[in-house]
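What follows is a short report on a single structure.
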2 protein chains.
Amino acid sequence: MAEQRIGVAVLGLGNIGGAVARALVHDASALERQSGLTLELVGGFARGPEYGERAGIGRERVSSDAEALIDDPQVDVVVEVLGGEQPAAALISRALAAGKHVVTANKEAVSKHLPAMLAAARDGNSALMCEASVGGGIPLLVSLRQIMATNRIERLRGIVNGTTNFILSKMDAEGADYAPTLAEAQALGYAEPDPTADVEGFDASYKLAILASLALGRHVHPQEISRTGISGVTALDIADARARGGTIRLIAGMQRTDDGATLSVAPTFIPNDDLFSRVMSNFNAIEIVGDRVGPVLLHGQGAGPSPTSSAILSDIIEAARAGSAASLRLGE
Amino acid sequence: MAEQRIGVAVLGLGNIGGAVARALVHDASALERQSGLTLELVGGFARGPEYGERAGIGRERVSSDAEALIDDPQVDVVVEVLGGEQPAAALISRALAAGKHVVTANKEAVSKHLPAMLAAARDGNSALMCEASVGGGIPLLVSLRQIMATNRIERLRGIVNGTTNFILSKMDAEGADYAPTLAEAQALGYAEPDPTADVEGFDASYKLAILASLALGRHVHPQEISRTGISGVTALDIADARARGGTIRLIAGMQRTDDGATLSVAPTFIPNDDLFSRVMSNFNAIEIVGDRVGPVLLHGQGAGPSPTSSAILSDIIEAARAGSAASLRLGE
């Protein structure tokens, strides 16, 4: 394969963005051997140069002007890992319209603004990539796409939020109640100081919205999803589930119906002979049911800098190789 | 997407080939909607026209001359599902050298003749595709390829043979011994009248050879793999495993070492808290461990006409879309 230089900008130099930027700088030769492409970090956007030091890429590559960095002609691919709805969504659309491929792990921005992003990608003949936004490093969207080439997706279900799975599997293992287990998860860094987005099921609903949009071929807004979090699950509920030969997990599910689909995020009884009952701690699992292939289950680490940066780096390479043909799309 | 007509020949009209041929004829409009391509069955190769009738594609499309069918200028993609080493391997190389993409489910032919096939594909600028050869409909090779773009594969392990998994999980569930369970599997059609290829681990070693070739970037011949089948596993062995808190499964495994890799197929103790202990009946599971992404597990139906034809049809579409870039390769 001919050598090709790909300039990358990273918006956000926290845990994930820092790991991506560090890999681009320090693992460049391994990535080149594996991919046949020369990936080059043009710069990172963060609140201050100290984020560059923390990420191990030095202060001088850090810019405090995201738009100028996106517009830099050296930049071919923009990695967006700021998180949150805005300004992330606007920056993604700006980059796509300017002909830059965008790789993002931002499930909230993508799930809420998918139509605008896809329109911008069409205008810019660019690719929107978000493998890392659902299931971390699990090769989920590439698998869904392969299955969808020859299958109608009948249903999907997933354990897609590591925080709630950590809490529920710990409550089950220890017979503990919700509040102390949440506090323990917070102390260990598995839950945020404000845990609402995870424990009330918002994060899972964003991820399900992305999967369902792909599976149904239309934009599914997270608001269309019936959502119940885990803050009402008690030690007694789990003991009761155990007595009935199972456990409780937060399940994000889509079931196709005659006139559309039902979509929900809710704590759900899972019998012991179901593989989902064995998904422990902060792991994720997603089951895709196609009309030809039957049920296919994928399991792996749904978060964390290393798995997530693995998916982001593959998306960068795939966008560089295939261009707009690699993009997320709704139907053909 | 512009409409593109893709002529397909199917070598072998048994259960799998018949399902593929039938889908090409009877599900043409759904496949066109899903893929944006017009797939057309040019013909099938079988011992007699009655195979065409059984497959529901009529007698007139059946040819008894495989080479003439491959050489037909209308044929763009050759599906090889004859099984066995020869003449399958020679026909695959002939088609590839002639510039036809080849989609095969034939793990024996591919694992033993990979270098010759890849050389023929280079000569013909064509693609060798074999997603269906390991793990049936599970999107395994596409996932492995995505992971390998940014990871070094540290180890692999798989339950990749449905027959032996059916026998071992049934022996465990019923406390039964090997011989009567094999007889039951044969009566149900889960085991062949001559079960050697499955129960002695040959089939698993072919599949592991393909996965290891991809993961290591060099041809791994099945003879390099240490192989022990399940015919020596007794009800007592399984009772003993159960007493130790686990069960026995036939595991195909690769572990990278300082100077290469160890490769084996053998009955293996699996503790109850390992997801592999829950892989039941004729399902398959494969775990890929990358240095960034950690362990990723894929689970689904590893055989059967419907899942296998799903993988074959996706390979046809991928080869038609991406041409030789879609091909299996060893390193870049």
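Every chain in the structure tokens takes a letter, A first, then B, and so on in the order presented; its residues are numbered from 1, and the ligands are numbered from 1 following the presented order.
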
Mind checking which residues fall within 8 Å of B:Ile210, counting only C-alpha atoms, ignoring those fewer than 4 positions away in the same chain, and posting them as number ranges by chain?
B: 107, 110-111, 134, 206, 214, 220

Once you have the residues from the selection above, write them out as a PDB file, in the first residue's frame, restricted to C-alpha atoms.
ATOM      1  CA  LYS B 107     -12.018 -23.916   5.847  1.00  0.00           C
ATOM      2  CA  VAL B 110      -8.391 -22.196   2.540  1.00  0.00           C
ATOM      3  CA  SER B 111      -6.331 -23.234   5.565  1.00  0.00           C
ATOM      4  CA  VAL B 134     -15.130 -19.615  10.569  1.00  0.00           C
ATOM      5  CA  TYR B 206      -8.678 -25.601   9.971  1.00  0.00           C
ATOM      6  CA  LEU B 214      -4.652 -13.465   9.849  1.00  0.00           C
ATOM      7  CA  VAL B 220      -0.288 -21.125   9.592  1.00  0.00           C
TER       8      VAL B 220
END

Please report as a PyMOL selection string which residues of chain B come no farther than 7 Å from chain A, using only C-alpha atoms.
chain B and resi 1+31+34-36+137-139+143+146+149-150+275+278+292-300+306-307+310+313-314+332

Between atom CA of B:Asp198 and atom CA of B:Gly245, what distance in Å does the model show, to one decimal?
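Between these atoms lies a distance of 26.6 Å.
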
Give the strand (DSSP E or B) residues of stretch 51-105 of chain B, as DSSP finds them on the backbone, and put them as a list in words.
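Residues meeting the strand (DSSP E or B) criterion: Val62, Ser63, Val77, Val78, Val79, Glu80, His101, Val102, Val103 and Thr104 of chain B.
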
Using C-alpha atoms, can you write the selected residues to a file as a PDB file, in the first residue's frame?
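This went into selection_36.pdb:
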ATOM      1  CA  VAL B  62     -27.431 -26.193 -13.152  1.00  0.00           C
ATOM      2  CA  SER B  63     -24.147 -26.885 -14.930  1.00  0.00           C
ATOM      3  CA  VAL B  77     -18.133 -13.662  -8.204  1.00  0.00           C
ATOM      4  CA  VAL B  78     -17.686 -17.394  -7.608  1.00  0.00           C
ATOM      5  CA  VAL B  79     -19.182 -18.899  -4.440  1.00  0.00           C
ATOM      6  CA  GLU B  80     -17.389 -22.141  -3.532  1.00  0.00           C
ATOM      7  CA  HIS B 101     -13.786 -12.698  -6.693  1.00  0.00           C
ATOM      8  CA  VAL B 102     -14.189 -15.889  -4.678  1.00  0.00           C
ATOM      9  CA  VAL B 103     -16.443 -16.276  -1.646  1.00  0.00           C
ATOM     10  CA  THR B 104     -15.973 -19.546   0.184  1.00  0.00           C
TER      11      THR B 104
END

In Å to one decimal, how far is atom CA of A:Val160 from atom CA of B:Glu131?
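Pair atom CA of B:Glu131 / atom CA of A:Val160 returns 26.4 Å.
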
Counting only C-alpha atoms, which residues of stretch 215-324 of chain A sit at most 7 Å from some atom of stretch 165-173 of chain A, and what is each one's closest atom pair with its distance in Å to one decimal, listed by chain and rising residue number, as a Markdown table?
| residue | atom | partner | partner_atom | distance |
| --- | --- | --- | --- | --- |
| A:Ala235 | CA | A:Met171 | CA | 6.7 |
| A:Ile238 | CA | A:Asp172 | CA | 6.2 |
| A:Ile248 | CA | A:Leu168 | CA | 6.9 |
| A:Arg249 | CA | A:Leu168 | CA | 6.5 |
| A:Leu250 | CA | A:Asn165 | CA | 6.9 |
| A:Met280 | CA | A:Ser169 | CA | 6.0 |
| A:Ser281 | CA | A:Phe166 | CA | 4.0 |
| A:Asn282 | CA | A:Phe166 | CA | 5.0 |

Could the residues in this selection be saved with C-alpha atoms as a compact mmCIF listing (two decimals), in the first residue's frame?
# COMPACT_ATOMS: atom_id res chain seq x y z
CA ALA A 235 -31.46 -5.14 47.24
CA ILE A 238 -32.32 -8.33 43.19
CA ILE A 248 -31.41 -7.66 36.99
CA ARG A 249 -29.58 -5.72 34.29
CA LEU A 250 -30.25 -2.36 32.63
CA MET A 280 -20.07 -8.44 34.79
CA SER A 281 -18.75 -5.20 36.17
CA ASN A 282 -18.12 -2.51 33.55

Report the distance between atom CA of B:Tyr178 and atom CA of B:Val233 in Å, rounded to one decimal place.
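Between atom CA of B:Tyr178 and atom CA of B:Val233 the gap is 6.7 Å.
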
Of the listed residues A:Ile316, A:Val42, A:Leu11, A:Leu156, that which approaches A:Leu263 most closely, counting only C-alpha atoms:
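The shortest atom-to-atom distance to A:Leu263 comes from A:Leu156.
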
Based on the backbone DSSP call, show me all residues of stretch 19-265 of chain A assigned helix (DSSP H, G or I), as a PyMOL selection string.
chain A and resi 19-26+28-35+50-55+66-71+88-97+107-124+131-133+140-148+162-174+178-187+196-199+202-216+222-224+235-243
